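Data block for target25.txt (compact mmCIF, C-alpha atoms and all ligand atoms):
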```txt
# COMPACT_ATOMS: atom_id res chain seq x y z
CA MET A 1236 -72.41 206.58 193.60
CA ASP A 1237 -75.53 204.54 192.95
CA LYS A 1238 -75.01 200.88 193.89
CA ALA A 1239 -76.60 199.45 190.73
CA ILE A 1240 -74.44 201.69 188.54
CA GLN A 1241 -71.32 200.86 190.52
CA ASP A 1242 -72.04 197.14 190.14
CA ALA A 1243 -72.60 197.52 186.41
CA LEU A 1244 -69.37 199.52 186.01
CA ASN A 1245 -67.44 196.85 187.91
CA GLN A 1246 -69.03 194.21 185.69
CA GLN A 1247 -67.90 196.22 182.66
CA ILE A 1248 -64.32 196.43 184.00
CA ASN A 1249 -64.40 192.63 184.21
CA ALA A 1250 -65.81 192.37 180.67
CA GLU A 1251 -63.02 194.59 179.29
CA LEU A 1252 -60.36 192.50 181.06
CA ASN A 1253 -62.03 189.36 179.70
CA SER A 1254 -61.91 190.94 176.22
CA ALA A 1255 -58.16 191.49 176.66
CA TYR A 1256 -57.78 187.83 177.67
CA ILE A 1257 -59.73 186.64 174.64
CA TYR A 1258 -57.65 188.72 172.22
CA LEU A 1259 -54.37 187.75 173.90
CA ALA A 1260 -55.28 184.08 173.49
CA MET A 1261 -56.06 184.71 169.82
CA SER A 1262 -52.76 186.60 169.46
CA ALA A 1263 -50.79 183.69 170.93
CA HIS A 1264 -52.62 181.25 168.69
CA PHE A 1265 -51.82 183.27 165.56
CA ALA A 1266 -48.17 183.65 166.62
CA GLU A 1267 -47.94 179.89 167.05
CA GLN A 1268 -49.31 179.49 163.51
CA SER A 1269 -46.72 181.99 162.19
CA PHE A 1270 -49.44 184.48 161.29
CA ASP A 1271 -47.37 187.27 162.82
CA GLY A 1272 -49.54 190.06 161.39
CA PHE A 1273 -52.80 188.69 162.79
CA ALA A 1274 -50.98 188.09 166.09
CA HIS A 1275 -49.88 191.74 166.13
CA TRP A 1276 -53.42 192.95 165.34
CA MET A 1277 -54.88 190.91 168.19
CA ARG A 1278 -52.20 192.06 170.60
CA LYS A 1279 -53.00 195.70 169.78
CA GLN A 1280 -56.65 194.86 170.31
CA ALA A 1281 -55.84 193.39 173.73
CA ASP A 1282 -53.85 196.52 174.64
CA GLU A 1283 -56.90 198.64 173.80
CA GLU A 1284 -59.13 196.51 176.00
CA LEU A 1285 -56.80 197.09 178.94
CA VAL A 1286 -57.06 200.83 178.29
CA HIS A 1287 -60.88 200.50 178.32
CA ALA A 1288 -60.78 198.62 181.63
CA MET A 1289 -58.53 201.26 183.19
CA LYS A 1290 -60.72 204.12 181.97
CA LEU A 1291 -63.66 202.60 183.86
CA PHE A 1292 -61.44 201.75 186.83
CA ASP A 1293 -60.31 205.39 187.10
CA TYR A 1294 -63.85 206.65 186.59
CA VAL A 1295 -65.30 204.58 189.46
CA LEU A 1296 -62.53 205.85 191.77
CA GLU A 1297 -62.97 209.43 190.59
CA ARG A 1298 -66.62 209.22 191.56
CA GLY A 1299 -65.70 208.00 195.02
CA GLY A 1300 -66.97 204.53 194.21
CA HIS A 1301 -65.58 201.12 195.09
CA VAL A 1302 -63.68 199.12 192.49
CA GLU A 1303 -64.39 195.44 192.89
CA LEU A 1304 -62.18 193.19 190.78
CA THR A 1305 -63.61 189.74 190.18
CA ALA A 1306 -62.25 186.58 188.53
CA VAL A 1307 -61.72 186.93 184.81
CA ALA A 1308 -63.16 184.07 182.76
CA GLY A 1309 -60.60 182.10 180.76
CA PRO A 1310 -60.61 182.42 176.97
CA ALA A 1311 -61.37 179.62 174.53
CA LYS A 1312 -58.66 177.01 174.06
CA LYS A 1313 -59.77 175.90 170.60
CA PHE A 1314 -59.52 178.09 167.53
CA GLY A 1315 -60.71 177.73 163.97
CA THR A 1316 -59.55 179.35 160.77
CA PRO A 1317 -58.45 183.01 160.78
CA LEU A 1318 -61.89 183.90 159.38
CA LYS A 1319 -63.62 182.01 162.19
CA ILE A 1320 -61.44 183.73 164.79
CA PHE A 1321 -62.26 187.20 163.49
CA GLU A 1322 -65.95 186.26 163.31
CA THR A 1323 -65.71 185.33 167.00
CA ALA A 1324 -64.06 188.70 167.70
CA LEU A 1325 -66.86 190.54 165.87
CA ALA A 1326 -69.55 188.61 167.78
CA HIS A 1327 -67.74 189.44 171.02
CA GLU A 1328 -67.63 193.16 170.19
CA LYS A 1329 -71.37 193.11 169.48
CA LYS A 1330 -71.93 191.57 172.90
CA ILE A 1331 -69.80 194.32 174.49
CA THR A 1332 -71.74 196.99 172.61
CA ALA A 1333 -74.99 195.59 174.03
CA MET A 1334 -73.47 195.73 177.54
CA ILE A 1335 -72.40 199.36 177.07
CA HIS A 1336 -75.87 200.25 175.81
CA ALA A 1337 -77.50 198.53 178.81
CA LEU A 1338 -75.18 200.49 181.11
CA TYR A 1339 -76.15 203.67 179.29
CA ASP A 1340 -79.84 202.87 179.76
CA LEU A 1341 -79.24 202.34 183.48
CA ALA A 1342 -77.39 205.67 183.81
CA ARG A 1343 -80.33 207.39 182.09
CA LYS A 1344 -82.87 205.67 184.29
CA LYS A 1345 -80.95 206.77 187.39
CA ALA A 1346 -80.37 210.28 185.99
CA ASP A 1347 -76.61 209.79 186.45
CA TYR A 1348 -75.50 212.37 183.89
CA ALA A 1349 -71.80 212.04 184.69
CA THR A 1350 -71.84 208.30 183.97
CA GLU A 1351 -73.87 208.87 180.83
CA ASN A 1352 -71.24 211.36 179.71
CA ALA A 1353 -68.35 209.00 180.55
CA LEU A 1354 -70.10 206.26 178.56
CA ASN A 1355 -70.40 208.42 175.45
CA TRP A 1356 -66.72 207.67 174.75
CA PHE A 1357 -67.47 203.94 174.91
CA VAL A 1358 -70.52 204.21 172.63
CA THR A 1359 -68.33 205.86 169.98
CA GLU A 1360 -65.48 203.42 170.57
CA GLN A 1361 -67.78 200.42 170.04
CA VAL A 1362 -68.79 201.73 166.60
CA GLU A 1363 -65.08 201.68 165.70
CA GLU A 1364 -64.51 198.28 167.32
CA GLU A 1365 -67.33 196.66 165.36
CA ASP A 1366 -66.18 198.38 162.17
CA ASN A 1367 -62.59 197.13 162.59
CA ALA A 1368 -63.61 193.55 163.31
CA GLY A 1369 -66.31 193.66 160.62
CA ARG A 1370 -63.90 194.82 157.94
CA ALA A 1371 -61.42 192.13 158.97
CA VAL A 1372 -64.15 189.49 158.58
CA GLU A 1373 -65.06 190.84 155.14
CA ARG A 1374 -61.47 190.82 153.90
CA LEU A 1375 -60.80 187.34 155.26
CA GLY A 1376 -64.01 186.20 153.58
CA LEU A 1377 -62.70 187.56 150.28
CA ALA A 1378 -59.38 185.75 150.77
CA GLY A 1379 -61.25 182.45 151.08
CA ASP A 1380 -58.96 179.43 150.87
CA SER A 1381 -56.17 181.26 149.05
CA THR A 1382 -52.95 180.97 151.05
CA ALA A 1383 -51.42 183.81 149.03
CA ALA A 1384 -54.33 186.14 149.86
CA LEU A 1385 -54.21 185.10 153.51
CA LEU A 1386 -50.50 185.85 153.76
CA MET A 1387 -51.05 189.21 152.09
CA LEU A 1388 -53.74 190.07 154.65
CA ASP A 1389 -51.50 188.84 157.45
CA HIS A 1390 -48.87 191.30 156.25
CA GLN A 1391 -51.42 194.17 156.12
CA PHE A 1392 -52.79 193.43 159.59
CA GLY A 1393 -49.23 193.55 160.87
CA GLU A 1394 -49.18 197.25 160.07
CA ARG A 1395 -51.95 198.10 162.51
CA SER A 1396 -50.88 201.16 164.52
CA GLU A 1397 -51.83 202.25 168.05
CA GLU A 1398 -54.93 204.18 167.06
CA SER A 1399 -56.71 201.95 164.56
FE FE C 1401 -63.45 197.35 175.06
FE FE C 1402 -63.36 195.85 172.17
```

Could you write out this structure as structure tokens?
Amino acid sequence: MDKAIQDALNQQINAELNSAYIYLAMSAHFAEQSFDGFAHWMRKQADEELVHAMKLFDYVLERGGHVELTAVAGPAKKFGTPLKIFETALAHEKKITAMIHALYDLARKKADYATENALNWFVTEQVEEEDNAGRAVERLGLAGDSTAALLMLDHQFGERSEES
């Protein structure tokens, strides 16, 4: 497969693994704060990121390409309020969307239709990812400084299933 595309796909595998790291760190932080629902939500999010990484991993191999795994950047060690954390998650998803779109542009430029097709799944997935994080930010914004509202949201987020 085209070298530039292969490099970009490997970079995306790294970005997805980094996403998993970021959400796992957030999950641990929430668990330590006894926000078990937010911790669960972030852990599910991390699981999804690993699935994304493996989808790309399998795709590169399927195309006869070379998978090159590189060092995964460490996540932040300092966290703010739950609202701030979900705002960080939303900003991160927007960054990932931009990366997917840049990859898509590259596949188009190189007339790599198979990669373009494989990336369609990711384009759709990013709409959902931004929507999920965006709605979380909105609801946490509504909760404001109310501990009761925050605990209610924590309970709701704890019900996140595999798909959502
Ligand atoms: Fe992802
Ligand atoms: Fe994501």

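Across the structure, CA of His1287 (chain A) and CA of Ala1250 (chain A) are spaced 9.8 Å apart.
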
Which residues of chain A come within 10 Å of ligand FE 1402 (chain C), and for each one, what is the closest pair of atoms and their distance in Å to one decimal, counting all atoms listed in the file, sorted by chain and residue number, as JSON lines?
```
{"residue": "A:Ala1250", "atom": "CA", "partner": "C:FE1402", "partner_atom": "FE", "distance": 9.5}
{"residue": "A:Glu1251", "atom": "CA", "partner": "C:FE1402", "partner_atom": "FE", "distance": 7.2}
{"residue": "A:Leu1252", "atom": "CA", "partner": "C:FE1402", "partner_atom": "FE", "distance": 10.0}
{"residue": "A:Ser1254", "atom": "CA", "partner": "C:FE1402", "partner_atom": "FE", "distance": 6.5}
{"residue": "A:Ala1255", "atom": "CA", "partner": "C:FE1402", "partner_atom": "FE", "distance": 8.1}
{"residue": "A:Tyr1258", "atom": "CA", "partner": "C:FE1402", "partner_atom": "FE", "distance": 9.1}
{"residue": "A:Gln1280", "atom": "CA", "partner": "C:FE1402", "partner_atom": "FE", "distance": 7.0}
{"residue": "A:Ala1281", "atom": "CA", "partner": "C:FE1402", "partner_atom": "FE", "distance": 8.1}
{"residue": "A:Asp1282", "atom": "CA", "partner": "C:FE1402", "partner_atom": "FE", "distance": 9.8}
{"residue": "A:Glu1283", "atom": "CA", "partner": "C:FE1402", "partner_atom": "FE", "distance": 7.2}
{"residue": "A:Glu1284", "atom": "CA", "partner": "C:FE1402", "partner_atom": "FE", "distance": 5.7}
{"residue": "A:Leu1285", "atom": "CA", "partner": "C:FE1402", "partner_atom": "FE", "distance": 9.5}
{"residue": "A:His1287", "atom": "CA", "partner": "C:FE1402", "partner_atom": "FE", "distance": 8.1}
{"residue": "A:Ala1324", "atom": "CA", "partner": "C:FE1402", "partner_atom": "FE", "distance": 8.5}
{"residue": "A:Leu1325", "atom": "CA", "partner": "C:FE1402", "partner_atom": "FE", "distance": 9.0}
{"residue": "A:His1327", "atom": "CA", "partner": "C:FE1402", "partner_atom": "FE", "distance": 7.8}
{"residue": "A:Glu1328", "atom": "CA", "partner": "C:FE1402", "partner_atom": "FE", "distance": 5.4}
{"residue": "A:Lys1329", "atom": "CA", "partner": "C:FE1402", "partner_atom": "FE", "distance": 8.9}
{"residue": "A:Lys1330", "atom": "CA", "partner": "C:FE1402", "partner_atom": "FE", "distance": 9.6}
{"residue": "A:Ile1331", "atom": "CA", "partner": "C:FE1402", "partner_atom": "FE", "distance": 7.0}
{"residue": "A:Thr1332", "atom": "CA", "partner": "C:FE1402", "partner_atom": "FE", "distance": 8.5}
{"residue": "A:Phe1357", "atom": "CA", "partner": "C:FE1402", "partner_atom": "FE", "distance": 9.5}
{"residue": "A:Glu1360", "atom": "CA", "partner": "C:FE1402", "partner_atom": "FE", "distance": 8.0}
{"residue": "A:Gln1361", "atom": "CA", "partner": "C:FE1402", "partner_atom": "FE", "distance": 6.7}
{"residue": "A:Val1362", "atom": "CA", "partner": "C:FE1402", "partner_atom": "FE", "distance": 9.8}
{"residue": "A:Glu1363", "atom": "CA", "partner": "C:FE1402", "partner_atom": "FE", "distance": 8.9}
{"residue": "A:Glu1364", "atom": "CA", "partner": "C:FE1402", "partner_atom": "FE", "distance": 5.5}
{"residue": "A:Glu1365", "atom": "CA", "partner": "C:FE1402", "partner_atom": "FE", "distance": 7.9}
{"residue": "A:Asn1367", "atom": "CA", "partner": "C:FE1402", "partner_atom": "FE", "distance": 9.7}
{"residue": "A:Ala1368", "atom": "CA", "partner": "C:FE1402", "partner_atom": "FE", "distance": 9.2}
```

(request) Have a look at A:His1390, A:Leu1341, A:Ala1306, A:Trp1356 and name the one nearest to ligand FE 1401 (chain C); count all atoms listed in the file. (result)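 Closest to ligand FE 1401 (chain C) of all the choices is A:Trp1356.
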
(message) Around (-53.1, 188.7, 165.1), as given in the file, which residues come within 12 Å? Count only C-alpha atoms and list them as an MDAnalysis selection string.
(response) chainID A and resid 1257:1281 1317:1318 1320:1321 1324 1368 1371 1386 1388:1395

(request) Would you mind reading off the distance between CA of Leu1375 (chain A) and CA of Val1358 (chain A), one decimal, in Å? (result)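 Value for the CA of Leu1375 (chain A)-CA of Val1358 (chain A) distance: 26.1 Å.
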
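CA of Tyr1256 (chain A) to CA of Pro1310 (chain A) spans 6.1 Å [interatomic distance, one decimal].
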
(request) Rank A:Met1387, A:Val1307, A:Ala1239, A:Met1334 by their smallest atom-to-atom distance to ligand FE 1401 (chain C), using all atoms listed in the file, and report the top residue only. (result)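 Closest to ligand FE 1401 (chain C) of all the choices is A:Met1334.
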
(message) Calculated over only C-alpha atoms and all ligand atoms, which of the candidates A:Val1286, A:Leu1377, A:Asp1366, A:Met1236 has the smallest distance to ligand FE 1401 (chain C)?
(response) A:Val1286

Find the smallest box with edges along x, y and z containing every listed atom of region 1275-1287 of chain A, then add 3 Å on each side and report centre and edge lengths in Å to one decimal, as JSON.
```
{"center_x": -55.4, "center_y": 195.9, "center_z": 172.1, "size_x": 17.0, "size_y": 15.9, "size_z": 19.6}
```

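Using only C-alpha atoms and all ligand atoms, the smallest distance between any of A:Leu1354, A:Val1302, A:Leu1385, A:Leu1296 and ligand FE 1401 (chain C) comes from A:Leu1354.
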
(request) Compare A:Ser1381, A:Thr1359, A:Thr1316, A:Asn1352 by their minimum atom-to-atom distance to ligand FE 1401 (chain C), counting all atoms listed in the file, and give me the closest one. (result)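 Closest residue, counting all atoms listed in the file: A:Thr1359.
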
(message) Calculated over all atoms listed in the file, which of the candidates A:Ala1333, A:Glu1322, A:Tyr1339, A:Glu1351 has the smallest distance to Gly1369 (chain A)?
(response)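 Closest residue, counting all atoms listed in the file: A:Glu1322.
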